[in-house]
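File shown here: final.txt, holding compact mmCIF, C-alpha atoms.
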# COMPACT_ATOMS: atom_id res chain seq x y z
CA MET A 1 95.64 62.77 129.02
CA SER A 2 97.89 63.29 126.03
CA GLU A 3 101.65 63.05 126.28
CA ARG A 4 101.87 66.77 125.53
CA VAL A 5 99.57 67.70 128.41
CA ALA A 6 101.33 65.30 130.78
CA ARG A 7 104.64 66.90 129.86
CA LEU A 8 103.23 70.38 130.44
CA GLU A 9 101.90 69.38 133.85
CA GLN A 10 105.25 67.89 134.81
CA GLU A 11 107.20 70.93 133.60
CA ALA A 12 104.81 73.36 135.30
CA ALA A 13 105.12 71.44 138.56
CA ASN A 14 108.91 71.62 138.35
CA LEU A 15 109.03 75.28 137.31
CA LYS A 16 110.84 77.48 139.76
CA VAL A 17 109.42 80.91 139.23
CA SER A 18 112.36 83.21 138.79
CA THR A 19 112.04 86.77 139.96
CA SER A 20 115.15 87.91 138.15
CA ALA A 21 113.89 91.43 137.47
CA LYS A 22 113.27 92.06 141.17
CA ARG A 23 116.60 90.44 142.03
CA ASP A 24 118.41 92.63 139.50
CA GLY A 25 116.83 95.70 141.05
CA LEU A 26 117.91 94.61 144.53
CA TYR A 27 121.48 93.97 143.45
CA GLN A 28 121.56 97.31 141.67
CA ALA A 29 120.36 99.13 144.79
CA ALA A 30 122.78 97.18 147.01
CA GLY A 31 125.66 98.04 144.66
CA ALA A 32 124.78 101.73 144.72
CA LEU A 33 124.46 101.67 148.51
CA ALA A 34 127.82 99.92 148.93
CA MET A 35 129.41 102.45 146.61
CA VAL A 36 128.11 105.44 148.56
CA VAL A 37 128.67 103.96 152.02
CA GLY A 38 132.18 102.83 151.05
CA VAL A 39 133.24 106.25 149.84
CA VAL A 40 131.68 108.11 152.77
CA VAL A 41 133.07 105.80 155.47
CA ALA A 42 136.50 105.77 153.81
CA PHE A 43 136.56 109.57 153.76
CA VAL A 44 135.42 109.84 157.39
CA ALA A 45 137.94 107.19 158.53
CA TYR A 46 140.74 108.98 156.74
CA GLN A 47 139.74 112.34 158.26
CA LEU A 48 139.60 110.79 161.72
CA SER A 49 143.01 109.25 161.25
CA LEU A 50 144.49 112.72 160.74
CA ASP A 51 143.60 113.69 164.31
CA LYS A 52 145.06 110.59 165.93
CA ALA A 53 148.43 110.60 167.64
CA ASP A 54 148.72 106.88 168.26
CA ASP A 55 150.13 105.00 165.25
CA ARG A 56 147.94 102.00 166.00
CA ASP A 57 144.78 104.11 165.81
CA ILE A 58 145.99 105.66 162.57
CA GLN A 59 146.74 102.25 161.08
CA SER A 60 143.35 100.90 162.14
CA LEU A 61 141.54 103.83 160.56
CA ILE A 62 143.60 103.67 157.38
CA ILE A 63 142.89 99.94 157.11
CA LEU A 64 139.19 100.72 157.56
CA ALA A 65 139.40 103.44 154.90
CA VAL A 66 141.11 101.09 152.43
CA ALA A 67 138.55 98.36 153.15
CA MET A 68 135.75 100.83 152.55
CA LEU A 69 137.33 101.90 149.26
CA ALA A 70 137.42 98.24 148.27
CA LEU A 71 133.74 97.99 149.22
CA ALA A 72 133.00 101.06 147.08
CA VAL A 73 134.81 99.52 144.09
CA ALA A 74 132.97 96.23 144.53
CA GLY A 75 129.67 98.10 144.89
CA ALA A 76 130.39 100.03 141.70
CA ALA A 77 131.08 96.77 139.87
CA VAL A 78 127.81 95.22 141.12
CA PHE A 79 125.88 98.36 140.24
CA LEU A 80 127.35 98.48 136.72
CA ARG A 81 126.76 94.75 136.18
CA TYR A 82 123.06 94.91 136.99
CA SER A 83 122.32 98.29 135.46
CA LEU A 84 124.15 97.28 132.26
CA ALA A 85 122.17 94.05 132.03
CA ARG A 86 118.96 96.05 131.98
CA PHE A 87 120.40 98.57 129.54
CA LEU A 88 121.66 95.83 127.20
CA ARG A 89 118.25 94.16 127.15
CA PHE A 90 116.70 97.40 125.95
CA TRP A 91 119.56 97.84 123.49
CA LEU A 92 118.91 94.39 122.02
CA LEU A 93 115.19 95.12 121.71
CA ARG A 94 115.98 98.40 120.00
CA GLN A 95 118.35 96.68 117.56
CA LEU A 96 115.61 94.21 116.66
CA TYR A 97 113.05 96.96 116.23
CA GLU A 98 115.32 99.10 114.10
CA GLY A 99 116.34 96.09 112.01
CA GLN A 100 112.69 95.38 111.32
CA ALA A 101 111.99 99.01 110.47
CA GLN A 102 114.97 99.09 108.10
CA VAL A 103 113.82 95.96 106.28
CA ASP A 104 110.32 97.42 106.04
CA ARG A 105 111.76 100.55 104.42
CA LEU A 106 113.82 98.51 101.97
CA VAL A 107 110.86 96.34 101.03
CA GLY A 108 108.74 99.45 100.57
CA GLU A 109 111.33 100.99 98.26
CA LEU A 110 111.64 97.78 96.26
CA ARG A 111 107.90 97.39 95.88
CA ALA A 112 107.17 100.99 94.93
CA PRO A 113 108.86 101.15 91.47
CA ALA A 114 107.57 97.72 90.51
CA ALA A 115 104.02 98.69 91.43
CA ALA A 116 104.38 101.86 89.38
CA ASP A 117 105.42 99.76 86.37
CA GLY A 118 102.29 97.68 86.71
CA GLU A 119 104.15 94.57 87.78
CA ALA A 120 102.31 94.20 91.03
CA ALA A 121 100.86 90.89 89.95
CA SER A 122 104.20 89.14 90.00
CA ASP A 123 106.50 89.21 92.98
CA PRO A 124 108.75 92.22 92.35
CA ILE A 125 111.12 91.51 95.17
CA PRO A 126 114.31 89.72 94.24
CA THR A 127 115.01 86.86 96.54
CA PRO A 128 117.98 87.82 98.69
CA ASP A 129 119.80 84.52 98.99
CA ARG A 130 122.24 84.78 101.85
CA ALA A 131 124.04 81.65 100.83
CA SER A 132 125.17 83.29 97.62
CA GLN A 133 126.41 86.44 99.32
CA MET B 1 86.48 72.80 115.57
CA SER B 2 89.09 71.41 117.88
CA PRO B 3 89.04 67.93 119.37
CA ALA B 4 87.52 69.24 122.57
CA GLY B 5 84.73 70.64 120.56
CA ASN B 6 84.18 67.25 118.99
CA GLY B 7 83.42 65.62 122.27
CA VAL B 8 86.81 64.76 123.70
CA ALA B 9 86.53 65.16 127.44
CA PRO B 10 88.72 67.99 128.64
CA ALA B 11 91.10 67.54 131.57
CA THR B 12 89.72 68.66 134.92
CA GLU B 13 92.24 71.48 135.31
CA PRO B 14 92.38 74.08 132.57
CA LEU B 15 95.78 74.05 130.91
CA LEU B 16 96.00 77.82 131.18
CA GLU B 17 94.03 79.78 133.72
CA LEU B 18 93.98 83.43 134.69
CA ALA B 19 92.24 84.08 137.99
CA GLY B 20 91.39 87.58 139.17
CA ILE B 21 94.18 89.14 137.18
CA ARG B 22 94.82 92.81 137.73
CA ALA B 23 97.57 94.50 135.76
CA ALA B 24 98.74 98.05 135.33
CA TYR B 25 101.09 100.12 133.24
CA GLY B 26 102.69 102.39 135.79
CA GLY B 27 99.86 103.73 137.91
CA ILE B 28 97.15 103.03 135.36
CA GLU B 29 95.32 99.77 135.93
CA VAL B 30 94.05 98.25 132.68
CA LEU B 31 92.93 94.81 133.83
CA HIS B 32 90.49 94.84 136.72
CA GLY B 33 90.15 91.18 137.62
CA VAL B 34 90.25 89.01 134.52
CA ASP B 35 89.13 85.40 134.83
CA LEU B 36 89.83 83.17 131.86
CA ALA B 37 90.41 79.47 131.38
CA VAL B 38 91.72 77.49 128.42
CA PRO B 39 90.70 73.83 128.79
CA ALA B 40 92.85 71.05 127.37
CA GLY B 41 92.46 70.67 123.63
CA ALA B 42 90.15 73.65 123.29
CA VAL B 43 90.32 76.80 121.21
CA VAL B 44 89.31 79.82 123.24
CA ALA B 45 88.73 83.15 121.51
CA LEU B 46 89.28 86.32 123.47
CA LEU B 47 87.39 89.11 121.77
CA GLY B 48 86.79 92.74 122.37
CA ALA B 49 87.12 96.19 120.99
CA ASN B 50 90.34 98.06 120.65
CA GLY B 51 91.58 99.03 124.11
CA ALA B 52 89.52 96.45 125.97
CA GLY B 53 92.63 94.86 127.49
CA LYS B 54 93.05 91.81 125.26
CA SER B 55 96.72 92.29 124.47
CA THR B 56 97.51 93.11 128.09
CA THR B 57 95.81 89.87 129.08
CA VAL B 58 98.02 88.04 126.60
CA LYS B 59 101.09 89.76 128.00
CA VAL B 60 100.19 88.52 131.46
CA ALA B 61 99.47 85.01 130.19
CA ALA B 62 102.76 84.98 128.30
CA GLY B 63 104.82 86.22 131.23
CA LEU B 64 105.66 89.53 129.56
CA LEU B 65 103.84 91.57 132.20
CA ALA B 66 103.65 90.70 135.88
CA PRO B 67 100.15 91.05 137.29
CA SER B 68 99.64 93.29 140.30
CA ALA B 69 97.10 90.81 141.69
CA GLY B 70 95.63 87.46 140.76
CA ALA B 71 97.17 84.20 139.64
CA VAL B 72 98.33 82.59 136.42
CA ARG B 73 98.08 78.83 136.52
CA VAL B 74 99.36 76.25 134.07
CA ALA B 75 97.86 72.80 134.43
CA GLY B 76 96.79 73.78 137.94
CA HIS B 77 100.23 74.98 139.03
CA ASP B 78 100.74 78.59 140.02
CA VAL B 79 103.26 80.18 137.64
CA THR B 80 102.48 83.80 138.44
CA GLY B 81 105.54 85.91 137.75
CA ALA B 82 107.24 83.28 135.61
CA SER B 83 109.22 84.75 132.74
CA CYS B 84 108.23 84.48 129.11
CA HIS B 85 111.09 82.10 128.29
CA ASP B 86 110.25 79.88 131.27
CA LEU B 87 106.67 79.58 130.07
CA ALA B 88 107.81 78.90 126.51
CA ARG B 89 110.16 76.20 127.78
CA ILE B 90 107.41 74.37 129.69
CA GLY B 91 105.07 74.51 126.70
CA VAL B 92 103.12 77.77 126.74
CA CYS B 93 104.13 79.48 123.54
CA THR B 94 103.06 82.95 122.45
CA ILE B 95 103.00 84.55 119.03
CA PRO B 96 102.92 88.25 119.80
CA GLU B 97 100.96 90.95 118.10
CA GLY B 98 102.45 91.94 114.76
CA ARG B 99 105.19 89.92 113.17
CA GLY B 100 106.93 87.54 115.48
CA VAL B 101 109.85 86.90 113.15
CA PHE B 102 113.38 88.20 112.74
CA PRO B 103 112.96 90.32 109.60
CA ASN B 104 116.62 90.44 108.65
CA LEU B 105 117.09 86.69 108.83
CA THR B 106 116.01 84.24 106.15
CA VAL B 107 113.15 81.81 106.64
CA ARG B 108 115.65 79.01 107.26
CA GLU B 109 117.60 81.12 109.76
CA ASN B 110 114.38 81.99 111.59
CA LEU B 111 113.64 78.30 111.93
CA TRP B 112 117.21 77.69 113.05
CA MET B 113 116.73 80.25 115.82
CA ALA B 114 113.81 78.24 117.10
CA THR B 115 116.00 75.16 117.41
CA GLN B 116 118.41 76.91 119.78
CA VAL B 117 116.55 75.86 122.90
CA ALA B 118 117.05 72.77 124.99
CA GLY B 119 115.09 69.82 123.71
CA ALA B 120 114.30 71.31 120.31
CA PRO B 121 114.57 68.95 117.35
CA ARG B 122 117.28 69.27 114.70
CA LEU B 123 116.97 71.91 112.02
CA ASP B 124 116.34 69.43 109.20
CA ARG B 125 113.41 67.92 111.07
CA VAL B 126 112.07 71.37 111.90
CA GLU B 127 112.34 72.40 108.27
CA ASP B 128 110.63 69.23 107.07
CA GLY B 129 107.73 69.84 109.45
CA ALA B 130 107.42 73.53 108.63
CA TYR B 131 107.58 73.06 104.86
CA ALA B 132 105.14 70.17 104.98
CA ARG B 133 102.66 72.36 106.83
CA PHE B 134 103.41 75.49 104.82
CA PRO B 135 104.78 74.56 101.36
CA LEU B 136 105.08 78.24 100.47
CA LEU B 137 107.74 78.67 103.13
CA GLY B 138 109.75 75.91 101.52
CA GLU B 139 109.82 77.82 98.27
CA ARG B 140 111.06 80.87 100.12
CA ARG B 141 113.46 79.28 102.55
CA SER B 142 116.36 81.54 101.49
CA GLN B 143 114.30 84.72 101.43
CA LEU B 144 114.55 87.34 104.16
CA ALA B 145 111.59 87.05 106.51
CA GLY B 146 111.02 90.79 106.33
CA SER B 147 110.37 90.55 102.61
CA LEU B 148 107.65 87.91 102.99
CA SER B 149 104.01 88.92 102.83
CA GLY B 150 102.20 89.44 106.13
CA GLY B 151 100.46 86.07 105.87
CA GLU B 152 103.70 84.27 105.10
CA GLN B 153 105.36 85.92 108.08
CA GLN B 154 102.57 84.68 110.33
CA MET B 155 103.03 81.19 108.84
CA LEU B 156 106.71 81.42 109.72
CA ALA B 157 105.87 82.62 113.23
CA LEU B 158 103.48 79.68 113.63
CA SER B 159 106.13 77.26 112.36
CA ARG B 160 108.63 78.59 114.86
CA ALA B 161 106.13 78.40 117.68
CA LEU B 162 105.34 74.77 116.86
CA VAL B 163 108.99 73.69 116.89
CA THR B 164 108.94 72.86 120.59
CA ASP B 165 105.60 71.06 120.34
CA PRO B 166 103.83 73.38 122.81
CA ALA B 167 100.78 72.30 124.79
CA VAL B 168 99.29 75.79 124.77
CA LEU B 169 99.55 78.33 121.98
CA VAL B 170 98.64 81.96 122.57
CA LEU B 171 97.99 83.96 119.42
CA ASP B 172 97.69 87.73 119.62
CA GLU B 173 95.91 89.49 116.76
CA LEU B 174 96.86 87.01 114.08
CA SER B 175 94.83 88.93 111.54
CA MET B 176 96.48 92.30 112.07
CA GLY B 177 97.10 94.02 108.76
CA LEU B 178 96.15 91.00 106.66
CA ALA B 179 93.62 90.61 103.87
CA PRO B 180 90.45 88.70 104.87
CA ILE B 181 91.27 85.79 102.57
CA VAL B 182 94.71 85.42 104.15
CA VAL B 183 93.16 85.60 107.61
CA GLN B 184 90.80 82.79 106.69
CA GLN B 185 93.71 80.69 105.42
CA LEU B 186 95.62 81.29 108.63
CA TYR B 187 92.67 80.31 110.79
CA ASP B 188 92.22 77.16 108.73
CA ILE B 189 95.79 76.33 109.69
CA VAL B 190 95.11 77.19 113.32
CA ALA B 191 92.16 74.80 113.21
CA GLN B 192 94.49 72.07 111.91
CA VAL B 193 96.90 72.79 114.76
CA ALA B 194 94.03 72.54 117.24
CA GLN B 195 93.08 69.18 115.74
CA GLU B 196 96.52 67.95 116.80
CA GLY B 197 95.49 68.53 120.43
CA ILE B 198 97.20 71.84 121.09
CA SER B 199 95.15 74.16 123.28
CA ILE B 200 94.88 77.61 121.78
CA LEU B 201 94.02 81.03 123.16
CA VAL B 202 93.31 83.38 120.27
CA VAL B 203 93.02 87.08 120.83
CA GLU B 204 91.16 88.89 118.11
CA GLN B 205 89.51 92.20 117.52
CA PHE B 206 87.54 90.88 114.59
CA ALA B 207 85.34 88.01 115.65
CA ARG B 208 84.08 86.44 112.47
CA ALA B 209 87.10 84.42 111.40
CA VAL B 210 88.07 83.08 114.79
CA LEU B 211 84.61 82.08 115.97
CA GLY B 212 84.44 79.49 113.22
CA ILE B 213 87.14 77.48 114.95
CA ALA B 214 86.56 78.40 118.61
CA ASP B 215 85.06 76.09 121.22
CA ARG B 216 84.60 78.88 123.72
CA ALA B 217 84.78 82.63 123.58
CA ALA B 218 85.12 85.47 126.03
CA ILE B 219 84.37 89.10 125.41
CA MET B 220 86.42 91.74 127.17
CA VAL B 221 85.07 95.17 127.93
CA ASN B 222 87.05 97.80 129.82
CA GLY B 223 89.56 95.43 131.36
CA VAL B 224 87.21 92.67 132.49
CA VAL B 225 85.68 89.59 130.87
CA ALA B 226 82.12 90.77 130.41
CA HIS B 227 80.74 87.63 128.75
CA ALA B 228 81.97 84.07 128.36
CA GLY B 229 80.49 80.97 126.82
CA THR B 230 80.27 79.08 123.58
CA PRO B 231 80.19 81.10 120.37
CA ALA B 232 76.51 80.19 120.00
CA GLU B 233 75.72 81.47 123.48
CA LEU B 234 77.43 84.75 122.76
CA GLN B 235 75.67 85.54 119.50
CA SER B 236 73.63 88.40 120.93
CA GLU B 237 76.67 90.00 122.55
CA LEU B 238 78.70 89.48 119.41
CA SER B 239 76.16 91.45 117.46
CA SER B 240 77.06 94.51 119.42
CA ALA B 241 79.06 97.06 117.55
CA TYR B 242 81.95 97.16 120.03
CA LEU B 243 83.61 94.21 118.38
CA GLY B 244 84.84 96.44 115.65
CA GLU B 245 82.59 95.01 113.02
CA THR B 246 78.93 94.15 112.77
CA THR B 247 78.24 90.45 112.55
Go through the file and emit its structure as structure tokens.
Amino acid sequence: MSERVARLEQEAANLKVSTSAKRDGLYQAAGALAMVVGVVVAFVAYQLSLDKADDRDIQSLIILAVAMLALAVAGAAVFLRYSLARFLRFWLLRQLYEGQAQVDRLVGELRAPAAADGEAASDPIPTPDRASQ
Amino acid sequence: MSPAGNGVAPATEPLLELAGIRAAYGGIEVLHGVDLAVPAGAVVALLGANGAGKSTTVKVAAGLLAPSAGAVRVAGHDVTGASCHDLARIGVCTIPEGRGVFPNLTVRENLWMATQVAGAPRLDRVEDGAYARFPLLGERRSQLAGSLSGGEQQMLALSRALVTDPAVLVLDELSMGLAPIVVQQLYDIVAQVAQEGISILVVEQFARAVLGIADRAAIMVNGVVAHAGTPAELQSELSSAYLGETT
């Protein structure tokens, strides 16, 4: 067995299969749920507190409402974190794709006049040297 | 022909194995139970007409698409659901369909990108290796990858893929959009890579070029592997018109 194959076997044995996409989806759903539940429970607790005469009941319900608002804020943060991650991945892919399409257009424009002048045999494209830019 | 084809005994476990793979895009199933094995040191050609499911099979093998059923195994270990970068890190490297390069980076910068993974060699060593294998890239090291010819871009993609010294290389439609003479040159290089002991799965619509270097071949029809064997055994099937060209 070659060293390369032995290394592959070792690495494959040690590979922990990550299910990050599923995990992202779960976190996103949990964040959305926390956001909704937090807002709803906070609203209900606040409304209930309005009907209470005992200060201790009012305080308990207000504390619950504030805690639920905190849960809603945390849920919103989790939701944004995991939905943005997905969005940014697509954004990066789109940037790459558009970059490639733009270069293709530029190359096409550079080649077209040279081909029309009958210079197709030699390389008509100037070498863009980034080091000199 | 690769070392395996020259009589080197393959390992007992295939280095890359797809077993009963089913995969779908949304509700539409395109792979209906694909079985495919790439033995150690072998070049396996996956052939078939346009729409047969070859590229989807590659996506599953590369970790770009999770199968709905079946298993992907690497050296006998189940890696079903592993991500593309995990597979690349352990040594299963894929060159996707089309141009697998960053078009707005120079050749040198593309190679530099490949060194930004754990365990990759230094850029100067990578460059030495790439330019030794592809002297043309050395002459164009400061040129934007997008302005290279299609063949040169594939050379650059191959160079990048070889940076991490992969055990398995998956090539998807290497010949796409290239002149036949360039395709032949590229497959000559692939044959050299295979001689170094790297197992290769080549997906191709056009059979002629790849069969010259393949140890085994499989023909996909409508989302399943309809025939598998050595290129010689598959001659009658290869003559069928569904390959996209008559042989």
Self-check item: Point-to-point distance from CA of Ser2 (chain A) to CA of Gly197 (chain B), Å rounded to tenths
Solution: 8.0 Å
Quiz item: Suppose you want the space between CA of Leu8 (chain A) and CA of Ile90 (chain B); what is it in Å?
Solution: 5.8 Å
Hey, which bits of chain B sit within 9 Å of chain A, and for each residue what's the closest pair of atoms and how far apart in Å (one decimal), counting all atoms listed in the file, rows by chain and increasing number, as a Markdown table?
| residue | atom | partner | partner_atom | distance |
| --- | --- | --- | --- | --- |
| B:Pro10 | CA | A:Met1 | CA | 8.7 |
| B:Ala11 | CA | A:Met1 | CA | 7.1 |
| B:Leu15 | CA | A:Val5 | CA | 7.8 |
| B:Ala40 | CA | A:Val5 | CA | 7.6 |
| B:Arg73 | CA | A:Ala12 | CA | 8.8 |
| B:Val74 | CA | A:Ala12 | CA | 6.3 |
| B:Ala75 | CA | A:Glu9 | CA | 5.3 |
| B:Gly76 | CA | A:Glu9 | CA | 7.9 |
| B:His77 | CA | A:Ala13 | CA | 6.1 |
| B:Asp78 | CA | A:Ala12 | CA | 8.1 |
| B:Val79 | CA | A:Val17 | CA | 6.4 |
| B:Thr80 | CA | A:Val17 | CA | 7.6 |
| B:Gly81 | CA | A:Val17 | CA | 6.5 |
| B:Ala82 | CA | A:Val17 | CA | 4.8 |
| B:Ser83 | CA | A:Ser18 | CA | 7.0 |
| B:Asp86 | CA | A:Leu15 | CA | 7.7 |
| B:Leu87 | CA | A:Ala12 | CA | 8.3 |
| B:Arg89 | CA | A:Glu11 | CA | 8.4 |
| B:Ile90 | CA | A:Glu11 | CA | 5.2 |
| B:Gly91 | CA | A:Leu8 | CA | 5.9 |
| B:Val92 | CA | A:Leu8 | CA | 8.3 |
| B:Phe102 | CA | A:Gln100 | CA | 7.4 |
| B:Pro103 | CA | A:Gln100 | CA | 5.4 |
| B:Asn104 | CA | A:Gly99 | CA | 6.6 |
| B:Leu105 | CA | A:Arg130 | CA | 8.9 |
| B:Thr106 | CA | A:Arg130 | CA | 7.6 |
| B:Arg140 | CA | A:Thr127 | CA | 8.0 |
| B:Arg141 | CA | A:Asp129 | CA | 9.0 |
| B:Ser142 | CA | A:Asp129 | CA | 5.2 |
| B:Gln143 | CA | A:Thr127 | CA | 5.4 |
| B:Leu144 | CA | A:Pro128 | CA | 6.5 |
| B:Gly146 | CA | A:Val103 | CA | 5.9 |
| B:Ser147 | CA | A:Val107 | CA | 6.0 |
| B:Asp165 | CA | A:Arg4 | CA | 7.7 |
| B:Pro166 | CA | A:Arg4 | CA | 7.4 |
| B:Ala167 | CA | A:Arg4 | CA | 5.7 |
| B:Val168 | CA | A:Leu8 | CA | 8.8 |
| B:Gly197 | CA | A:Ser2 | CA | 8.0 |
| B:Ile198 | CA | A:Arg4 | CA | 8.2 |
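The spacing separating CA of Gln192 (chain B) from CA of Thr115 (chain B) amounts to 22.4 Å.
Closest approach to Ala65 (chain A) among A:Val39, A:Leu26, A:Phe90, A:Glu109: A:Val39, based on all atoms listed in the file.
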Quiz item: Hey, what's within 9 Å of Ile213 (chain B) if we count only C-alpha atoms and toss same-chain stuff fewer than 2 positions away? As a VMD selection string, please?
Solution: chain B and resid 1 to 2 43 to 45 187 to 188 190 to 191 194 209 to 211 215
Practice problem: Using only C-alpha atoms, collect all residues at a distance of at most 10 Å from (89.2, 97.7, 136.8) as written in the file, then present them as a list in words. | Solution: Ile21, Arg22, Ala23, Ala24, Ile28, Glu29, Val30, Leu31, His32, Gly33, Val34, Asn222, Gly223 and Val224 of chain B
Self-check item: Nearest to Leu148 (chain B) by atom-to-atom distance, counting all atoms listed in the file, from B:Val101, B:Ala69, B:Leu162, B:Ala132
Solution: B:Val101
Quiz prompt | Contact residues around region 51-57 of chain B with all atoms listed in the file at 12 Å, ignoring same-chain residues under 3 positions, as a PyMOL selection string | solution = chain B and resi 17-25+29-37+45-48+60-67+70+72+94-98+170-174+201-205+218-226+242-244
Self-check item: Residue contacts of Gly150 (chain B) (12 Å, all atoms listed in the file) excluding same-chain residues fewer than 4 positions away, as a count of residues only
Solution: 22
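Distances to Ser60 (chain A) were evaluated for A:Ala74, A:Ala42, A:Met35, A:Leu88 using only C-alpha atoms, and the minimum falls at A:Ala42.
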Would you compute, for all listed atoms of region 4-20 of chain A, the axis-aligned bounding box grown by 4 Å on each side, and then report its centre and edge lengths in Å rounded to one decimal, as JSON?
{"center_x": 107.4, "center_y": 76.6, "center_z": 132.7, "size_x": 23.6, "size_y": 30.6, "size_z": 22.4}
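Using all atoms listed in the file, the shortest contact distance between Leu136 (chain B) and any of B:Ser159, B:Gln116, B:Gln235, B:Ser68 is found at B:Ser159.
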